[in-house]
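Trainee: Just structure_13.cif, nothing more (mmCIF, C-alpha atoms and all ligand atoms):
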data_run
loop_
_atom_site.label_atom_id
_atom_site.label_comp_id
_atom_site.auth_asym_id
_atom_site.auth_seq_id
_atom_site.Cartn_x
_atom_site.Cartn_y
_atom_site.Cartn_z
CA MET A 212 7.69 -11.02 31.44
CA ARG A 213 6.32 -7.49 31.80
CA MET A 214 5.74 -4.91 29.07
CA ILE A 215 7.19 -2.14 31.23
CA ASP A 216 10.60 -3.89 31.23
CA LEU A 217 10.62 -4.21 27.44
CA ILE A 218 9.55 -0.59 27.01
CA GLU A 219 12.32 0.68 29.30
CA LYS A 220 14.93 -1.56 27.69
CA LYS A 221 14.13 -0.28 24.21
CA ARG A 222 13.73 3.30 25.45
CA ASP A 223 17.32 3.05 26.73
CA GLY A 224 18.59 1.81 23.37
CA LYS A 225 19.18 -1.83 24.31
CA THR A 226 18.33 -4.84 22.15
CA LEU A 227 15.35 -7.08 22.90
CA SER A 228 15.99 -10.83 23.09
CA THR A 229 14.29 -13.35 20.81
CA ALA A 230 12.25 -14.60 23.77
CA GLU A 231 11.11 -11.06 24.66
CA ILE A 232 10.02 -10.31 21.10
CA GLU A 233 8.16 -13.62 20.80
CA TRP A 234 6.45 -13.03 24.16
CA PHE A 235 5.34 -9.49 23.27
CA ILE A 236 3.87 -10.54 19.93
CA ARG A 237 2.11 -13.55 21.43
CA ALA A 238 0.76 -11.55 24.37
CA TYR A 239 -0.48 -8.68 22.20
CA THR A 240 -2.15 -11.06 19.74
CA ALA A 241 -3.90 -12.73 22.68
CA ASP A 242 -5.07 -9.35 24.09
CA GLU A 243 -3.01 -9.89 27.23
CA VAL A 244 -1.26 -6.51 27.04
CA THR A 245 -2.79 -3.07 26.56
CA ASP A 246 -2.73 -0.85 23.48
CA TYR A 247 -1.10 1.96 25.47
CA GLN A 248 1.88 -0.13 26.56
CA VAL A 249 2.33 -1.53 23.06
CA ALA A 250 2.12 2.00 21.66
CA ALA A 251 4.92 3.05 24.03
CA LEU A 252 7.09 0.14 22.90
CA LEU A 253 6.37 0.91 19.23
CA MET A 254 7.46 4.52 19.81
CA ALA A 255 10.67 3.34 21.51
CA ILE A 256 11.34 1.03 18.52
CA THR A 257 10.60 3.88 16.09
CA ILE A 258 13.12 6.14 17.83
CA ARG A 259 15.80 3.57 18.79
CA GLY A 260 15.49 1.10 15.88
CA MET A 261 16.17 -2.64 15.87
CA ASP A 262 19.19 -4.58 14.67
CA ARG A 263 19.00 -7.26 11.98
CA ARG A 264 18.44 -10.12 14.44
CA GLU A 265 15.65 -8.27 16.27
CA THR A 266 13.97 -7.35 12.96
CA VAL A 267 14.05 -10.96 11.74
CA ASP A 268 12.72 -12.17 15.13
CA LEU A 269 9.93 -9.61 15.02
CA THR A 270 8.97 -10.59 11.46
CA LEU A 271 8.96 -14.32 12.15
CA ALA A 272 7.00 -13.89 15.40
CA MET A 273 4.39 -11.84 13.54
CA ALA A 274 4.24 -14.30 10.63
CA ARG A 275 3.72 -17.15 13.11
CA SER A 276 1.10 -15.29 15.17
CA GLY A 277 -1.62 -17.05 13.17
CA ASP A 278 -1.91 -19.67 10.47
CA GLU A 279 0.71 -19.95 7.75
CA LEU A 280 -0.59 -20.84 4.33
CA ASP A 281 0.85 -23.52 2.13
CA LEU A 282 -0.72 -22.90 -1.27
CA HIS A 283 1.13 -25.50 -3.30
CA ASP A 284 -1.87 -27.82 -3.56
CA VAL A 285 -3.74 -25.17 -5.57
CA ALA A 286 -0.92 -23.25 -7.25
CA PRO A 287 2.60 -24.51 -7.99
CA LEU A 288 4.15 -21.05 -7.66
CA VAL A 289 2.46 -18.05 -6.05
CA VAL A 290 3.75 -14.55 -6.72
CA ASP A 291 2.89 -11.54 -4.63
CA LYS A 292 3.68 -7.83 -4.51
CA HIS A 293 3.64 -5.27 -1.76
CA SER A 294 4.10 -1.55 -1.56
CA SER A 295 5.67 0.24 1.38
CA GLY A 296 2.87 2.81 1.04
CA GLY A 297 2.31 5.99 -0.88
CA VAL A 298 -0.22 8.57 -2.01
CA GLY A 299 -2.40 7.56 -4.97
CA ASP A 300 -0.83 4.12 -4.93
CA LYS A 301 -3.49 1.92 -6.45
CA THR A 302 -0.94 -0.38 -8.10
CA THR A 303 -2.28 -3.63 -6.60
CA LEU A 304 -5.69 -3.04 -8.14
CA ALA A 305 -4.24 -3.11 -11.64
CA VAL A 306 -1.14 -5.27 -11.27
CA GLN A 307 -2.81 -8.25 -9.60
CA PRO A 308 -5.24 -8.90 -12.49
CA LEU A 309 -2.57 -8.15 -15.09
CA VAL A 310 -0.29 -10.83 -13.65
CA ALA A 311 -3.11 -13.32 -13.03
CA ALA A 312 -4.26 -12.85 -16.63
CA CYS A 313 -0.77 -13.95 -17.74
CA GLY A 314 -1.38 -17.28 -15.98
CA VAL A 315 0.51 -16.62 -12.73
CA PRO A 316 -1.65 -17.05 -9.60
CA VAL A 317 -1.63 -14.03 -7.27
CA GLY A 318 -2.87 -14.51 -3.71
CA LYS A 319 -2.47 -11.32 -1.78
CA MET A 320 -3.07 -10.01 1.70
CA SER A 321 -3.41 -6.24 1.72
CA GLY A 322 -3.80 -3.56 4.35
CA ARG A 323 -5.93 -0.57 5.20
CA GLY A 324 -4.75 3.02 4.99
CA LEU A 325 -1.76 3.94 7.11
CA GLY A 326 -1.08 7.57 8.03
CA SER A 327 -1.22 9.70 4.88
CA SER A 328 -0.97 6.62 2.66
CA GLY A 329 -4.14 4.99 1.34
CA GLY A 330 -4.89 1.29 1.76
CA THR A 331 -5.92 -1.24 -0.88
CA LEU A 332 -8.71 -2.68 1.28
CA ASP A 333 -10.26 0.76 1.91
CA LYS A 334 -10.12 1.47 -1.83
CA MET A 335 -11.72 -1.84 -2.80
CA GLU A 336 -14.49 -1.34 -0.24
CA SER A 337 -15.68 1.52 -2.45
CA ILE A 338 -17.27 -1.31 -4.44
CA ARG A 339 -20.60 -2.21 -2.84
CA GLY A 340 -20.58 -5.60 -1.13
CA TRP A 341 -16.91 -6.37 -1.78
CA HIS A 342 -15.31 -8.08 1.22
CA PHE A 343 -11.90 -9.40 2.06
CA GLU A 344 -12.45 -11.46 5.20
CA MET A 345 -12.48 -15.10 4.18
CA PRO A 346 -11.62 -18.49 5.58
CA ILE A 347 -8.43 -20.04 4.30
CA GLU A 348 -10.43 -22.66 2.39
CA GLN A 349 -12.04 -19.89 0.34
CA PHE A 350 -8.70 -18.15 -0.21
CA LYS A 351 -7.34 -21.39 -1.66
CA LYS A 352 -10.47 -22.23 -3.63
CA GLN A 353 -10.54 -18.79 -5.26
CA LEU A 354 -6.82 -18.91 -5.99
CA GLY A 355 -7.23 -22.30 -7.67
CA GLU A 356 -10.34 -21.29 -9.62
CA ILE A 357 -9.58 -17.80 -10.87
CA GLY A 358 -5.93 -17.36 -9.92
CA LEU A 359 -6.62 -14.13 -8.06
CA VAL A 360 -7.44 -13.35 -4.41
CA LEU A 361 -7.27 -10.07 -2.49
CA ALA A 362 -7.63 -10.78 1.21
CA GLY A 363 -6.97 -8.77 4.35
CA GLN A 364 -5.11 -9.43 7.54
CA THR A 365 -7.82 -11.68 8.86
CA ALA A 366 -7.97 -13.09 12.34
CA VAL A 367 -6.05 -16.11 11.12
CA LEU A 368 -3.22 -14.75 8.93
CA ALA A 369 -0.62 -12.55 10.66
CA PRO A 370 -3.13 -11.31 13.26
CA ALA A 371 -0.30 -9.56 15.13
CA ASP A 372 0.28 -7.30 12.13
CA LYS A 373 -3.41 -6.56 11.85
CA LYS A 374 -3.45 -5.21 15.42
CA LEU A 375 -0.07 -3.46 15.27
CA TYR A 376 -0.87 -1.87 11.92
CA SER A 377 -4.00 -0.08 13.15
CA LEU A 378 -2.24 1.02 16.34
CA ARG A 379 0.77 2.39 14.42
CA ASP A 380 -1.56 4.27 12.09
CA VAL A 381 -2.74 6.49 14.96
CA THR A 382 0.36 6.70 17.18
CA GLY A 383 2.99 8.25 14.89
CA THR A 384 4.91 4.98 14.66
CA VAL A 385 4.63 4.20 10.97
CA ALA A 386 7.99 5.48 9.69
CA SER A 387 10.28 2.86 11.17
CA VAL A 388 12.39 0.43 9.10
CA PRO A 389 11.97 -2.60 11.42
CA LEU A 390 8.24 -2.00 11.90
CA ILE A 391 7.55 -1.55 8.19
CA ALA A 392 9.79 -4.49 7.23
CA GLY A 393 8.18 -6.70 9.89
CA SER A 394 4.69 -5.66 8.87
CA ILE A 395 5.18 -6.24 5.16
CA MET A 396 7.28 -9.39 5.33
CA SER A 397 5.21 -11.12 8.04
CA LYS A 398 2.16 -10.86 5.79
CA LYS A 399 4.11 -12.12 2.79
CA LEU A 400 5.57 -15.08 4.66
CA ALA A 401 2.24 -16.02 6.29
CA ALA A 402 0.36 -15.81 3.00
CA GLY A 403 2.64 -18.40 1.44
CA ALA A 404 4.06 -16.46 -1.52
CA ASP A 405 7.03 -18.18 -3.15
CA ALA A 406 8.21 -15.03 -4.90
CA MET A 407 7.50 -11.37 -4.30
CA VAL A 408 8.14 -7.93 -5.73
CA LEU A 409 8.50 -5.24 -3.08
CA ASP A 410 7.63 -1.75 -4.23
CA VAL A 411 9.62 0.44 -1.85
CA LYS A 412 8.65 4.07 -2.16
CA THR A 413 10.88 7.05 -1.58
CA GLY A 414 10.20 10.77 -1.55
CA SER A 415 7.91 13.37 -0.04
CA GLY A 416 4.89 11.03 0.06
CA ALA A 417 6.69 7.94 1.33
CA PHE A 418 7.57 6.73 4.80
CA MET A 419 11.18 6.64 3.56
CA PRO A 420 11.97 10.23 2.48
CA THR A 421 15.38 9.56 0.93
CA VAL A 422 16.61 7.03 -1.64
CA GLU A 423 19.19 5.85 0.94
CA ALA A 424 16.50 5.16 3.57
CA ALA A 425 14.39 3.33 0.98
CA ARG A 426 17.41 1.21 -0.04
CA GLU A 427 18.01 0.33 3.61
CA LEU A 428 14.38 -0.78 4.04
CA ALA A 429 14.50 -2.69 0.73
CA GLN A 430 17.69 -4.48 1.69
CA VAL A 431 16.30 -5.51 5.11
CA MET A 432 13.18 -6.94 3.45
CA VAL A 433 15.13 -8.73 0.70
CA ASP A 434 17.36 -10.25 3.42
CA ILE A 435 14.38 -11.44 5.49
CA GLY A 436 12.71 -12.98 2.41
CA THR A 437 15.87 -14.64 1.19
CA ASP A 438 16.55 -16.08 4.68
CA ALA A 439 13.03 -17.51 4.59
CA GLY A 440 13.74 -19.19 1.23
CA ARG A 441 11.63 -16.88 -0.96
CA LYS A 442 12.57 -15.14 -4.21
CA VAL A 443 12.47 -11.39 -3.62
CA VAL A 444 13.06 -8.33 -5.79
CA ALA A 445 12.71 -4.79 -4.44
CA LEU A 446 12.07 -1.82 -6.72
CA ILE A 447 12.89 1.62 -5.34
CA SER A 448 10.14 3.78 -6.79
CA ASP A 449 9.52 7.49 -6.73
CA MET A 450 6.86 9.00 -4.45
CA ASN A 451 7.76 12.68 -4.79
CA GLN A 452 4.30 13.23 -6.28
CA PRO A 453 1.09 11.20 -6.16
CA LEU A 454 1.12 8.12 -8.40
CA GLY A 455 -1.31 8.62 -11.28
CA HIS A 456 -3.90 11.35 -10.91
CA ALA A 457 -6.43 10.12 -8.35
CA VAL A 458 -6.01 10.33 -4.56
CA GLY A 459 -9.02 8.95 -2.68
CA ASN A 460 -10.67 5.56 -2.52
CA ALA A 461 -13.39 5.38 -5.19
CA LEU A 462 -11.48 7.82 -7.41
CA GLU A 463 -8.51 5.44 -7.37
CA VAL A 464 -10.65 2.38 -8.11
CA LYS A 465 -12.03 4.22 -11.13
CA GLU A 466 -8.51 5.11 -12.29
CA ALA A 467 -7.32 1.50 -11.89
CA ILE A 468 -10.30 0.26 -13.94
CA GLU A 469 -9.58 2.82 -16.68
CA THR A 470 -5.96 1.67 -16.71
CA LEU A 471 -6.94 -2.00 -17.03
CA GLN A 472 -9.14 -0.98 -19.97
CA GLY A 473 -6.25 0.66 -21.82
CA GLY A 474 -6.53 4.25 -20.55
CA GLY A 475 -5.38 5.84 -17.30
CA PRO A 476 -2.42 8.10 -16.53
CA ALA A 477 0.89 7.37 -18.27
CA ASP A 478 2.98 7.35 -15.07
CA PHE A 479 0.63 4.88 -13.40
CA TRP A 480 0.68 2.53 -16.38
CA ALA A 481 4.51 2.72 -16.57
CA HIS A 482 4.63 1.81 -12.88
CA CYS A 483 2.23 -1.13 -13.27
CA LEU A 484 4.18 -2.42 -16.26
CA GLU A 485 7.43 -2.45 -14.29
CA VAL A 486 5.97 -4.14 -11.19
CA ALA A 487 3.95 -6.71 -13.16
CA GLY A 488 6.94 -7.34 -15.46
CA HIS A 489 9.18 -8.19 -12.49
CA MET A 490 6.48 -10.49 -11.06
CA LEU A 491 6.29 -12.44 -14.33
CA LEU A 492 10.08 -12.61 -14.50
CA LEU A 493 10.24 -14.08 -10.95
CA ALA A 494 7.56 -16.59 -11.97
CA GLY A 495 9.68 -17.68 -14.94
CA LYS A 496 7.04 -16.58 -17.49
CA ALA A 497 9.55 -14.59 -19.55
CA ASP A 498 13.30 -14.52 -20.18
CA SER A 499 13.67 -10.76 -19.99
CA LEU A 500 11.92 -7.79 -18.45
CA ASP A 501 11.04 -6.52 -21.93
CA GLY A 502 9.51 -9.88 -22.82
CA ALA A 503 7.52 -9.85 -19.57
CA LYS A 504 6.25 -6.34 -20.28
CA GLU A 505 5.03 -7.46 -23.71
CA LEU A 506 2.92 -10.17 -22.07
CA VAL A 507 1.49 -7.64 -19.61
CA THR A 508 0.67 -5.19 -22.40
CA ALA A 509 -1.08 -7.94 -24.37
CA VAL A 510 -3.46 -8.94 -21.54
CA ARG A 511 -4.35 -5.30 -21.03
CA GLN A 512 -5.09 -4.88 -24.73
CA ASN A 513 -7.12 -8.06 -25.19
CA GLY A 514 -9.31 -7.39 -22.13
CA THR A 515 -8.37 -10.50 -20.13
CA ALA A 516 -6.81 -8.48 -17.28
CA PHE A 517 -10.00 -6.42 -16.87
CA GLU A 518 -12.02 -9.64 -16.95
CA LYS A 519 -9.82 -11.07 -14.15
CA PHE A 520 -10.54 -8.00 -12.03
CA ARG A 521 -14.29 -8.49 -12.60
CA GLN A 522 -14.01 -12.14 -11.61
CA MET A 523 -12.20 -11.27 -8.38
CA VAL A 524 -14.79 -8.61 -7.50
CA ALA A 525 -17.64 -11.05 -8.18
CA ALA A 526 -15.98 -13.87 -6.21
CA GLN A 527 -15.61 -11.55 -3.21
CA GLY A 528 -19.22 -10.39 -3.22
CA GLY A 529 -18.72 -7.06 -5.02
CA ASP A 530 -21.20 -5.35 -7.32
CA VAL A 531 -19.78 -5.94 -10.80
CA ALA A 532 -22.12 -3.29 -12.23
CA GLN A 533 -19.90 -0.67 -10.54
CA VAL A 534 -16.85 -2.16 -12.24
CA ASP A 535 -18.54 -2.13 -15.63
CA ASP A 536 -19.70 1.44 -15.03
CA PRO A 537 -17.39 3.23 -12.55
CA GLY A 538 -19.88 6.14 -12.67
CA LEU A 539 -21.90 4.00 -10.23
CA LEU A 540 -19.09 4.08 -7.63
CA PRO A 541 -19.57 6.52 -4.71
CA GLN A 542 -19.52 10.07 -6.10
CA ALA A 543 -18.90 13.24 -4.09
CA LYS A 544 -21.66 15.88 -4.01
CA PHE A 545 -19.23 18.73 -4.61
CA VAL A 546 -16.53 18.58 -7.30
CA GLU A 547 -14.67 21.85 -7.75
CA PRO A 548 -11.68 22.80 -9.93
CA ILE A 549 -8.37 23.86 -8.39
CA LEU A 550 -6.85 26.73 -10.35
CA ALA A 551 -3.17 27.65 -10.70
CA PRO A 552 -2.57 30.68 -8.44
CA ARG A 553 0.26 31.88 -10.73
CA GLY A 554 2.04 30.99 -13.92
CA GLY A 555 5.12 28.76 -13.86
CA THR A 556 6.31 25.20 -13.59
CA ILE A 557 5.64 22.76 -10.76
CA ALA A 558 9.02 22.13 -9.13
CA ALA A 559 8.10 20.01 -6.09
CA VAL A 560 5.09 18.46 -4.41
CA ALA A 561 4.66 17.91 -0.66
CA THR A 562 2.97 14.60 -1.43
CA GLY A 563 2.38 13.50 2.16
CA GLU A 564 0.48 16.76 2.73
CA ILE A 565 -1.83 15.88 -0.15
CA GLY A 566 -2.37 12.48 1.45
CA TRP A 567 -3.23 14.14 4.77
CA ALA A 568 -5.54 16.62 3.02
CA ALA A 569 -7.41 13.63 1.56
CA VAL A 570 -7.59 12.08 5.04
CA ARG A 571 -9.06 15.37 6.36
CA LEU A 572 -11.68 15.25 3.61
CA GLY A 573 -12.73 11.92 5.16
CA GLY A 574 -10.78 9.55 2.87
CA GLY A 575 -8.68 8.11 5.74
CA ARG A 576 -8.59 7.78 9.51
CA PHE A 577 -7.20 9.80 12.41
CA VAL A 578 -8.40 7.29 15.01
CA LYS A 579 -9.01 3.60 14.58
CA THR A 580 -12.81 3.94 14.65
CA ASP A 581 -13.10 6.70 11.99
CA GLN A 582 -15.47 5.80 9.13
CA ILE A 583 -14.13 6.35 5.62
CA ASP A 584 -15.97 8.44 3.05
CA HIS A 585 -15.10 6.56 -0.15
CA ALA A 586 -16.18 9.32 -2.53
CA VAL A 587 -13.80 12.08 -1.45
CA GLY A 588 -10.29 13.07 -2.55
CA PHE A 589 -8.43 14.84 -5.32
CA VAL A 590 -7.76 14.32 -8.99
CA LEU A 591 -4.45 15.99 -9.81
CA PRO A 592 -3.11 15.46 -13.34
CA ALA A 593 -0.50 18.21 -12.78
CA LYS A 594 3.00 16.72 -12.45
CA ILE A 595 6.46 17.98 -11.55
CA GLY A 596 7.88 19.65 -14.68
CA ASP A 597 4.44 20.66 -16.06
CA SER A 598 3.95 24.36 -16.83
CA PHE A 599 0.73 26.34 -16.33
CA ALA A 600 -0.61 29.84 -16.82
CA GLU A 601 -2.35 31.58 -13.95
CA GLY A 602 -5.95 30.31 -13.71
CA ASP A 603 -5.33 27.00 -15.51
CA VAL A 604 -7.07 24.01 -14.00
CA LEU A 605 -4.58 21.87 -12.05
CA GLY A 606 -7.09 19.32 -10.79
CA THR A 607 -10.30 18.87 -8.82
CA VAL A 608 -11.30 18.44 -5.20
CA HIS A 609 -14.14 16.00 -4.37
CA THR A 610 -16.05 16.33 -1.09
CA ASN A 611 -19.42 15.65 0.46
CA ASP A 612 -19.02 18.56 2.88
CA GLU A 613 -19.19 21.95 1.17
CA ALA A 614 -17.54 23.56 4.21
CA LYS A 615 -14.35 21.60 3.51
CA LEU A 616 -13.93 22.78 -0.11
CA ALA A 617 -11.93 25.94 0.50
CA GLN A 618 -9.59 24.38 3.05
CA ALA A 619 -8.91 21.34 0.85
CA ARG A 620 -8.15 23.58 -2.13
CA GLU A 621 -5.78 25.70 -0.03
CA GLU A 622 -4.04 22.63 1.37
CA LEU A 623 -3.50 21.22 -2.09
CA LEU A 624 -2.10 24.50 -3.42
CA ALA A 625 0.15 24.86 -0.37
CA ALA A 626 1.64 21.47 -1.23
CA LEU A 627 2.91 22.73 -4.61
CA THR A 628 6.23 24.55 -5.11
CA TRP A 629 6.51 26.65 -8.27
CA SER A 630 9.47 27.71 -10.39
CA TYR A 631 9.88 30.23 -13.21
CA ASP A 632 12.57 27.99 -14.74
CA PRO A 633 12.05 24.69 -16.57
CA VAL A 634 12.08 21.66 -14.24
CA PRO A 635 12.87 18.13 -15.48
CA PRO A 636 10.20 15.44 -14.93
CA GLN A 637 10.71 13.10 -11.96
CA PRO A 638 12.14 9.63 -12.67
CA HIS A 639 9.72 6.76 -11.85
CA PHE A 640 12.36 4.42 -10.38
CA HIS A 641 15.62 4.74 -8.46
CA GLY A 642 17.00 1.20 -8.82
CA THR A 643 16.36 -2.46 -8.07
CA ILE A 644 17.64 -4.72 -5.27
CA SER A 645 17.51 -8.47 -5.67
N1 LIG B 701 2.65 -1.50 4.32
C1 LIG B 701 2.49 -2.43 5.30
O1 LIG B 701 1.90 -3.48 5.08
N2 LIG B 701 2.99 -2.18 6.49
C2 LIG B 701 3.65 -1.04 6.79
O2 LIG B 701 4.09 -0.89 7.90
C3 LIG B 701 3.81 -0.07 5.78
C4 LIG B 701 3.29 -0.32 4.54
#
Produce structure tokens that represent the structure in this file.
Mentor:
Amino acid sequence: MRMIDLIEKKRDGKTLSTAEIEWFIRAYTADEVTDYQVAALLMAITIRGMDRRETVDLTLAMARSGDELDLHDVAPLVVDKHSSGGVGDKTTLAVQPLVAACGVPVGKMSGRGLGSSGGTLDKMESIRGWHFEMPIEQFKKQLGEIGLVLAGQTAVLAPADKKLYSLRDVTGTVASVPLIAGSIMSKKLAAGADAMVLDVKTGSGAFMPTVEAARELAQVMVDIGTDAGRKVVALISDMNQPLGHAVGNALEVKEAIETLQGGGPADFWAHCLEVAGHMLLLAGKADSLDGAKELVTAVRQNGTAFEKFRQMVAAQGGDVAQVDDPGLLPQAKFVEPILAPRGGTIAAVATGEIGWAAVRLGGGRFVKTDQIDHAVGFVLPAKIGDSFAEGDVLGTVHTNDEAKLAQAREELLAALTWSYDPVPPQPHFHGTIS
């Protein structure tokens, strides 16, 4: 087979056969085809789409591109979660330990940043020494011993996604239902989760801008998971403004730690409670969502969830002193307030633009080889529906490059739409698909 034939077929709106999809994934994983040809095919898929059969074939080929874990010898039932990506989305950092502290093992494979959306691995690497590359034996050992692992797309688990993910990040091919569904579900299937909660974001900071598009993506992923014999619930959650206050790697780690210790922003905690509650429900730990949320609240209050996070950081080589004192995490040299340019109420937020502004500060990548500056980003407590007088502090910008301060401030302010009239707060969720 030849890549050029697949590219032209998809460019012309035709469907790829199972054999063609399997060949392309195998050949790319084995470095037998070039990045530029794969990028062209990804763009054709992004524009032309894939039908249900092609999407399932793509997902299964990616899941089978490396080892597939069977975790049942160390954990009878493994629950996982995954987000379709958003700005300020540090949910995994808090939810994983909350669920593990309730006695449900969580073994998770996460990703790096993608486009304007941050990545769990980049965030966690703010902690000195923390690493996510590990042999499967260690993944299993850690899961058995502390019930909590946060790994990456290593060379052995879903390696096809690892390569495609970083190529999509820099070729404008992120916002595609089959590519997102394939990416997320291949990791979930390969990592051996029996049950999973999919956090599908919608809004100005999500890859799926409308609730309808998010429902479509959620339904495709629930179908793939169900076909593969897994229990799947998808939550459609709002991403019309950053989740919580912090946008930027170390800033988000700090916010997740504060949340595990009983503080943190209210919207972020409400989000964690919902996701963790559904994970416990899937694991059979509670009879109702309310009952599950009570368990989650209890492990936050009694400190066991925070302790789980510490254990995971220590097991993966991280400096626990930075967890105990987040003031030791990377700090930006320049921290400046962002003032309201006028009085009024925030009516809308161009959330993706805030994500890109954080990338421009150095918090994400424009090309695969870009190095991340973990200290930079924004803290923005201002939410849709909040009112301010001119000159009030809306948030702060954090940078190591003084020359970037003014531009970052301007970009953040340009992302806000103001109203003189009252504006209702945004809902956190737009429904559930199971
Ligand atoms: N998260 C993933 O793992 N993959 C995507 O494509 C988007 C979000």
Trainee: Let me see if you get this right: every residue at most 10 Å from ligand LIG 701 (chain B), counting all atoms listed in the file, written as an MDAnalysis selection string.
Mentor: chainID A and resid 293:297 320:326 328:330 364 372:373 375:377 379:380 384:399 410:412 417:418
Trainee: Kindly give the distance, in Å, that separates atom CA of Thr643 of chain A and atom CA of Ser448 of chain A, rounded to a single decimal.
Mentor: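 Atom-to-atom, atom CA of Thr643 of chain A to atom CA of Ser448 of chain A, that is 8.9 Å.
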Trainee: Please compute the atom CA of Ala551 of chain A-atom CA of Gly575 of chain A distance, one decimal, in Å.
Mentor: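 So the two atoms, atom CA of Ala551 of chain A and atom CA of Gly575 of chain A, lie 26.1 Å apart.
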Trainee: Quick one: of A:Ile258, A:Leu446, A:Val289, A:Ala558, who's nearest to Phe599 of chain A, counting all atoms listed in the file?
Mentor: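 Of all the options, A:Ala558 lies closest to Phe599 of chain A.
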Trainee: What does the structure give for the distance between atom CA of Gly474 of chain A and atom CA of Phe517 of chain A, in Å to one decimal?
Mentor: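 According to the coordinates, atom CA of Gly474 of chain A and atom CA of Phe517 of chain A are separated by 11.8 Å.
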Trainee: Which is closest to Arg264 of chain A among A:Thr515, A:Ser499, A:Thr382, A:Ser228, if we use all atoms listed in the file?
Mentor: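 Smallest separation from Arg264 of chain A among the options: A:Ser228.
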Trainee: Do you have, as a Markdown table, the list of residues of segment 442-555 of chain A lying at most 12 Å from segment 343-350 of chain A, each with its nearest atom pair and that distance in Å to one decimal, counting all atoms listed in the file and ordered by chain then number?
Mentor:
| residue | atom | partner | partner_atom | distance |
| --- | --- | --- | --- | --- |
| A:Met523 | CA | A:Phe343 | CA | 10.6 |
| A:Val524 | CA | A:Phe343 | CA | 10.0 |
| A:Ala525 | CA | A:Phe343 | CA | 11.9 |
| A:Ala526 | CA | A:Gln349 | CA | 9.7 |
| A:Gln527 | CA | A:Phe343 | CA | 6.8 |
| A:Gly528 | CA | A:Phe343 | CA | 9.1 |
| A:Gly529 | CA | A:Phe343 | CA | 10.1 |
Trainee: Could you list, as a list in words, every residue within 9 Å of Gly488 of chain A, counting only C-alpha atoms and ignoring same-chain residues fewer than 3 positions away?
Mentor: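 Returned residues: Val310, Cys483, Leu484, Glu485, Leu491, Leu492, Leu493, Ala497, Ser499, Leu500, Asp501, Gly502, Ala503, Lys504, Glu505, Leu506 and Val507 of chain A.
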Trainee: For a cutoff of 10 Å around the file-coordinate point (3.7, -20.4, -17.3), which residues qualify once you count only C-alpha atoms? I'd like the result as a PDB file with C-alpha atoms, in the coordinates of the input.
Mentor:
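Result went into part.pdb, see below:
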ATOM      1  CA  LEU A 288       4.150 -21.050  -7.660  1.00  0.00           C
ATOM      2  CA  CYS A 313      -0.770 -13.950 -17.740  1.00  0.00           C
ATOM      3  CA  GLY A 314      -1.380 -17.280 -15.980  1.00  0.00           C
ATOM      4  CA  VAL A 315       0.510 -16.620 -12.730  1.00  0.00           C
ATOM      5  CA  PRO A 316      -1.650 -17.050  -9.600  1.00  0.00           C
ATOM      6  CA  LEU A 491       6.290 -12.440 -14.330  1.00  0.00           C
ATOM      7  CA  ALA A 494       7.560 -16.590 -11.970  1.00  0.00           C
ATOM      8  CA  GLY A 495       9.680 -17.680 -14.940  1.00  0.00           C
ATOM      9  CA  LYS A 496       7.040 -16.580 -17.490  1.00  0.00           C
ATOM     10  CA  ALA A 497       9.550 -14.590 -19.550  1.00  0.00           C
TER      11      ALA A 497
END
Trainee: Determine, using all atoms listed in the file, which residues of segment 330-430 of chain A have any atom at most 10 Å from an atom of segment 581-592 of chain A, and tabulate each with its shortest atom pair and distance in Å to one decimal place, rows ordered by chain and then rising number, as a tab-separated table.
Mentor:
residue	atom	partner	partner_atom	distance
A:Asp333	CA	A:Ile583	CA	7.7
A:Lys334	CA	A:His585	CA	7.3
A:Met335	CA	A:His585	CA	9.4
A:Glu336	CA	A:His585	CA	7.9
A:Ser337	CA	A:His585	CA	5.6
A:Ile338	CA	A:His585	CA	9.2
Trainee: With distances taken over all atoms listed in the file, which of A:Ile595, A:Ala362, A:Ala429, A:Leu539 is nearest to Val634 of chain A?
Mentor: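 Smallest distance to Val634 of chain A is found for A:Ile595.
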Trainee: Using only C-alpha atoms and a cutoff of 12 Å, can you tell me which residues are near (12.8, 14.3, -9.3) in the file's coordinates, and write them out as JSON, numbers by chain?
Mentor: {"A": [413, 414, 415, 421, 422, 448, 449, 450, 451, 452, 557, 558, 559, 560, 594, 595, 596, 634, 635, 636, 637, 638, 639, 640, 641]}
Trainee: Ranking A:Gly383, A:Gly538, A:Gly563, A:Gly403 by minimum distance to Leu280 of chain A and counting all atoms listed in the file, which one comes first?
Mentor: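 Of A:Gly383, A:Gly538, A:Gly563, A:Gly403, the one nearest Leu280 of chain A, counting all atoms listed in the file, is A:Gly403.
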Trainee: Of the candidates A:Lys220, A:Arg441, A:Arg521, A:Arg576, which shows the shortest atom-to-atom distance to Ala312 of chain A, using all atoms listed in the file?
Mentor: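 For Ala312 of chain A, the nearest of the given residues is A:Arg521.
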Trainee: Using only the atoms of segment 617-626 of chain A listed in the file, plus 3 Å on each side, state the axis-aligned box centre and edge lengths in Å rounded to one decimal, as JSON.
Mentor:
{"center_x": -5.1, "center_y": 23.6, "center_z": -0.2, "size_x": 19.6, "size_y": 10.7, "size_z": 12.5}
